[in-house]
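Q: Input data10.json, format and content: JSON, C-alpha atoms.
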```json
[["chain", "number", "residue", "atom", "x", "y", "z"],
["A", 1, "MET", "CA", 22.83, 27.09, -29.67],
["A", 2, "ILE", "CA", 22.27, 30.75, -28.73],
["A", 3, "HIS", "CA", 19.73, 31.58, -26.01],
["A", 4, "ASP", "CA", 17.85, 34.85, -25.58],
["A", 5, "LEU", "CA", 18.62, 36.35, -22.16],
["A", 6, "HIS", "CA", 15.09, 37.77, -21.94],
["A", 7, "GLY", "CA", 13.53, 34.31, -21.91],
["A", 8, "ALA", "CA", 11.90, 34.46, -25.34],
["A", 9, "GLY", "CA", 13.64, 31.28, -26.52],
["A", 10, "GLU", "CA", 16.49, 30.68, -28.90],
["A", 11, "LEU", "CA", 17.91, 33.43, -31.07],
["A", 12, "PRO", "CA", 18.23, 32.70, -34.77],
["A", 13, "ALA", "CA", 21.70, 31.69, -35.98],
["A", 14, "CYS", "CA", 23.21, 32.71, -39.30],
["A", 15, "GLN", "CA", 22.17, 30.23, -41.96],
["A", 16, "GLU", "CA", 24.24, 31.84, -44.70],
["A", 17, "GLY", "CA", 27.60, 30.40, -43.64],
["A", 18, "CYS", "CA", 29.66, 33.07, -45.41],
["A", 19, "ILE", "CA", 31.88, 35.94, -44.35],
["A", 20, "HIS", "CA", 31.26, 39.57, -45.35],
["A", 21, "PRO", "CA", 34.77, 41.11, -45.79],
["A", 22, "ASP", "CA", 33.50, 44.67, -46.44],
["A", 23, "GLN", "CA", 31.56, 44.73, -43.20],
["A", 24, "ILE", "CA", 34.48, 43.23, -41.29],
["A", 25, "ARG", "CA", 36.91, 45.87, -42.65],
["A", 26, "ARG", "CA", 34.50, 48.69, -41.81],
["A", 27, "VAL", "CA", 34.15, 47.45, -38.23],
["A", 28, "GLU", "CA", 37.92, 46.87, -37.85],
["A", 29, "GLN", "CA", 38.61, 50.48, -38.90],
["A", 30, "HIS", "CA", 36.49, 51.77, -36.02],
["A", 31, "MET", "CA", 37.31, 49.13, -33.40],
["A", 32, "PRO", "CA", 39.35, 50.54, -30.49],
["A", 33, "ASP", "CA", 42.55, 48.70, -29.59],
["A", 34, "ASP", "CA", 42.46, 45.96, -26.95],
["A", 35, "ASP", "CA", 43.99, 48.15, -24.22],
["A", 36, "ARG", "CA", 41.26, 50.77, -24.66],
["A", 37, "LEU", "CA", 38.54, 48.08, -24.63],
["A", 38, "TYR", "CA", 40.06, 46.57, -21.48],
["A", 39, "ASP", "CA", 39.95, 49.99, -19.78],
["A", 40, "LEU", "CA", 36.30, 50.35, -20.81],
["A", 41, "SER", "CA", 35.46, 46.91, -19.44],
["A", 42, "GLU", "CA", 37.07, 47.92, -16.12],
["A", 43, "VAL", "CA", 34.82, 50.99, -15.91],
["A", 44, "PHE", "CA", 31.77, 48.79, -16.47],
["A", 45, "ARG", "CA", 33.07, 46.28, -13.92],
["A", 46, "VAL", "CA", 33.08, 49.06, -11.33],
["A", 47, "PHE", "CA", 29.47, 49.86, -12.28],
["A", 48, "GLY", "CA", 28.66, 46.17, -11.75],
["A", 49, "ASP", "CA", 28.28, 46.45, -7.97],
["A", 50, "SER", "CA", 24.92, 47.52, -6.52],
["A", 51, "THR", "CA", 26.50, 49.26, -3.50],
["A", 52, "ARG", "CA", 28.65, 51.40, -5.77],
["A", 53, "ILE", "CA", 25.61, 52.17, -7.95],
["A", 54, "ARG", "CA", 23.68, 53.27, -4.84],
["A", 55, "ILE", "CA", 26.58, 55.55, -3.86],
["A", 56, "LEU", "CA", 26.77, 57.01, -7.36],
["A", 57, "TYR", "CA", 23.02, 57.68, -7.36],
["A", 58, "ALA", "CA", 23.28, 59.40, -3.99],
["A", 59, "LEU", "CA", 26.04, 61.60, -5.42],
["A", 60, "PHE", "CA", 23.92, 62.15, -8.55],
["A", 61, "GLU", "CA", 21.61, 64.21, -6.33],
["A", 62, "SER", "CA", 24.11, 65.98, -4.09],
["A", 63, "GLU", "CA", 27.68, 66.29, -2.93],
["A", 64, "LEU", "CA", 27.99, 64.24, 0.28],
["A", 65, "CYS", "CA", 30.54, 63.24, 2.91],
["A", 66, "VAL", "CA", 31.22, 59.65, 3.96],
["A", 67, "CYS", "CA", 29.06, 60.05, 7.10],
["A", 68, "ASP", "CA", 26.08, 61.26, 5.06],
["A", 69, "ILE", "CA", 26.41, 58.45, 2.51],
["A", 70, "ALA", "CA", 26.71, 55.84, 5.27],
["A", 71, "GLU", "CA", 23.59, 57.14, 7.02],
["A", 72, "LEU", "CA", 21.60, 57.46, 3.81],
["A", 73, "LEU", "CA", 22.43, 53.96, 2.55],
["A", 74, "HIS", "CA", 22.53, 52.22, 5.96],
["A", 75, "LEU", "CA", 26.15, 51.18, 5.53],
["A", 76, "SER", "CA", 29.21, 51.46, 7.75],
["A", 77, "GLN", "CA", 31.57, 54.34, 7.14],
["A", 78, "SER", "CA", 34.38, 51.89, 6.42],
["A", 79, "ALA", "CA", 32.26, 50.12, 3.76],
["A", 80, "VAL", "CA", 31.45, 53.47, 2.14],
["A", 81, "SER", "CA", 35.10, 54.57, 2.26],
["A", 82, "HIS", "CA", 36.19, 51.31, 0.63],
["A", 83, "GLN", "CA", 33.69, 51.72, -2.21],
["A", 84, "LEU", "CA", 34.52, 55.42, -2.66],
["A", 85, "ARG", "CA", 38.19, 54.49, -3.06],
["A", 86, "ILE", "CA", 37.27, 52.10, -5.89],
["A", 87, "LEU", "CA", 35.05, 54.75, -7.49],
["A", 88, "LYS", "CA", 37.78, 57.38, -7.17],
["A", 89, "ASP", "CA", 40.41, 55.06, -8.68],
["A", 90, "ALA", "CA", 38.05, 54.50, -11.62],
["A", 91, "LYS", "CA", 37.69, 58.31, -11.98],
["A", 92, "LEU", "CA", 33.96, 58.15, -11.32],
["A", 93, "VAL", "CA", 33.97, 60.30, -8.18],
["A", 94, "LYS", "CA", 36.12, 63.15, -6.91],
["A", 95, "PHE", "CA", 36.45, 64.87, -3.57],
["A", 96, "ARG", "CA", 37.27, 68.26, -2.11],
["A", 97, "ARG", "CA", 38.32, 69.27, 1.36],
["A", 98, "GLU", "CA", 36.23, 71.73, 3.31],
["A", 99, "GLY", "CA", 38.11, 72.14, 6.59],
["A", 100, "LYS", "CA", 37.88, 68.72, 8.25],
["A", 101, "ARG", "CA", 35.04, 67.63, 5.96],
["A", 102, "ILE", "CA", 35.73, 65.77, 2.72],
["A", 103, "ALA", "CA", 32.88, 66.14, 0.25],
["A", 104, "TYR", "CA", 32.44, 63.62, -2.56],
["A", 105, "SER", "CA", 30.72, 64.22, -5.89],
["A", 106, "LEU", "CA", 30.47, 62.63, -9.32],
["A", 107, "ASP", "CA", 33.68, 63.21, -11.24],
["A", 108, "ASP", "CA", 32.07, 64.79, -14.30],
["A", 109, "ASP", "CA", 29.00, 64.95, -16.52],
["A", 110, "HIS", "CA", 30.05, 61.72, -18.28],
["A", 111, "VAL", "CA", 29.31, 59.76, -15.11],
["A", 112, "ARG", "CA", 25.95, 61.52, -14.79],
["A", 113, "SER", "CA", 25.15, 60.63, -18.43],
["A", 114, "ILE", "CA", 26.11, 56.96, -17.97],
["A", 115, "LEU", "CA", 23.83, 56.68, -14.95],
["A", 116, "SER", "CA", 20.97, 58.46, -16.74],
["A", 117, "LEU", "CA", 21.27, 56.32, -19.86],
["A", 118, "GLY", "CA", 21.51, 53.13, -17.82],
["A", 119, "MET", "CA", 18.36, 54.03, -15.90],
["A", 120, "GLU", "CA", 16.52, 54.89, -19.12],
["A", 121, "HIS", "CA", 17.46, 51.47, -20.49],
["A", 122, "VAL", "CA", 16.27, 49.69, -17.34],
["A", 123, "GLU", "CA", 12.96, 51.57, -17.31],
["A", 124, "GLU", "CA", 12.09, 50.72, -20.96]]
```
Let's see the structure in the file written out as structure tokens.
A:
Amino acid sequence: MIHDLHGAGELPACQEGCIHPDQIRRVEQHMPDDDRLYDLSEVFRVFGDSTRIRILYALFESELCVCDIAELLHLSQSAVSHQLRILKDAKLVKFRREGKRIAYSLDDDHVRSILSLGMEHVEE
């Protein structure tokens, strides 16, 4: 039994009971290998934390240091640093030194696009 996550009831199941080899071959030709799909799932796992999303959205607007992010989001500097390390390891944020200040920003326009598309989807 398959359930609709939006609460509209059960989703219809295939009543045909047959396999469509042409469609399967076409999909297989374009399916990334398991390692690539694992890496993609890890990126989405990192996006799966609301604190990290809040940090990314703060950086969507402006380059910020840890102190600024902590103040803006009402978090401790150590909590922000921990989350920034995860985001940096996932190549979602980058940093640059400016004297004693370390300024964080989104890694590239791909991250900006993912956030924008995700928000568009949520707002539909």
Q: My list of candidates is A:Leu37, A:Arg101, A:Leu106, A:Pro12. Which is closest to Ala58 in chain A when distances are computed with all atoms listed in the file?
A: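 Closest candidate: A:Leu106.
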Q: Pick the closest to Leu115 in chain A from A:Leu75, A:Ile19, A:Leu59, A:Ala103: which is it, counting only C-alpha atoms?
A: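 Ranking A:Leu75, A:Ile19, A:Leu59, A:Ala103 by distance to Leu115 in chain A, first place goes to A:Leu59.
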Q: Name the residues in contact with range 70-74 of chain A at a cut-off of 12 Å, using all atoms listed in the file, excluding same-chain residues fewer than 6 positions from it; report them as a JSON list (two decimals) with C-alpha atoms, keeping the file's coordinate frame.
A:
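Saved file part_20.json follows:
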```
[["chain", "number", "residue", "atom", "x", "y", "z"],
["A", 50, "SER", "CA", 24.92, 47.52, -6.52],
["A", 51, "THR", "CA", 26.50, 49.26, -3.50],
["A", 52, "ARG", "CA", 28.65, 51.40, -5.77],
["A", 53, "ILE", "CA", 25.61, 52.17, -7.95],
["A", 54, "ARG", "CA", 23.68, 53.27, -4.84],
["A", 55, "ILE", "CA", 26.58, 55.55, -3.86],
["A", 56, "LEU", "CA", 26.77, 57.01, -7.36],
["A", 57, "TYR", "CA", 23.02, 57.68, -7.36],
["A", 58, "ALA", "CA", 23.28, 59.40, -3.99],
["A", 59, "LEU", "CA", 26.04, 61.60, -5.42],
["A", 62, "SER", "CA", 24.11, 65.98, -4.09],
["A", 64, "LEU", "CA", 27.99, 64.24, 0.28],
["A", 80, "VAL", "CA", 31.45, 53.47, 2.14],
["A", 81, "SER", "CA", 35.10, 54.57, 2.26],
["A", 82, "HIS", "CA", 36.19, 51.31, 0.63],
["A", 83, "GLN", "CA", 33.69, 51.72, -2.21],
["A", 84, "LEU", "CA", 34.52, 55.42, -2.66]]
```
Q: Taking all atoms listed in the file into account, name the residue in A:Lys91, A:Cys65, A:Gly118, A:Asp109 that is nearest to Leu40 in chain A.
A: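 Once distances to Leu40 in chain A are computed over all atoms listed in the file, the minimum belongs to A:Lys91.
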Q: Find the distance between CA of Lys94 in chain A and CA of Val66 in chain A and write it in Å to one decimal.
A: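 Between these atoms lies a distance of 12.4 Å.
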Q: Report the distance between CA of Arg25 in chain A and CA of Val43 in chain A in Å, rounded to one decimal place.
A: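 About the pair CA of Arg25 in chain A and CA of Val43 in chain A: they are 27.3 Å apart.
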Q: Using Å and a single decimal, report how far CA of Ser41 in chain A sits from CA of Pro21 in chain A.
A: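 Interatomic distance, CA of Pro21 in chain A to CA of Ser41 in chain A: 27.0 Å.
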Q: Quick one: what's the axis-aligned box for range 33-51 of chain A, all listed atoms, 5 Å on every side, centre and edges in Å to one decimal, as JSON?
A:
```
{"center_x": 34.5, "center_y": 48.5, "center_z": -16.5, "size_x": 29.1, "size_y": 15.0, "size_z": 36.1}
```
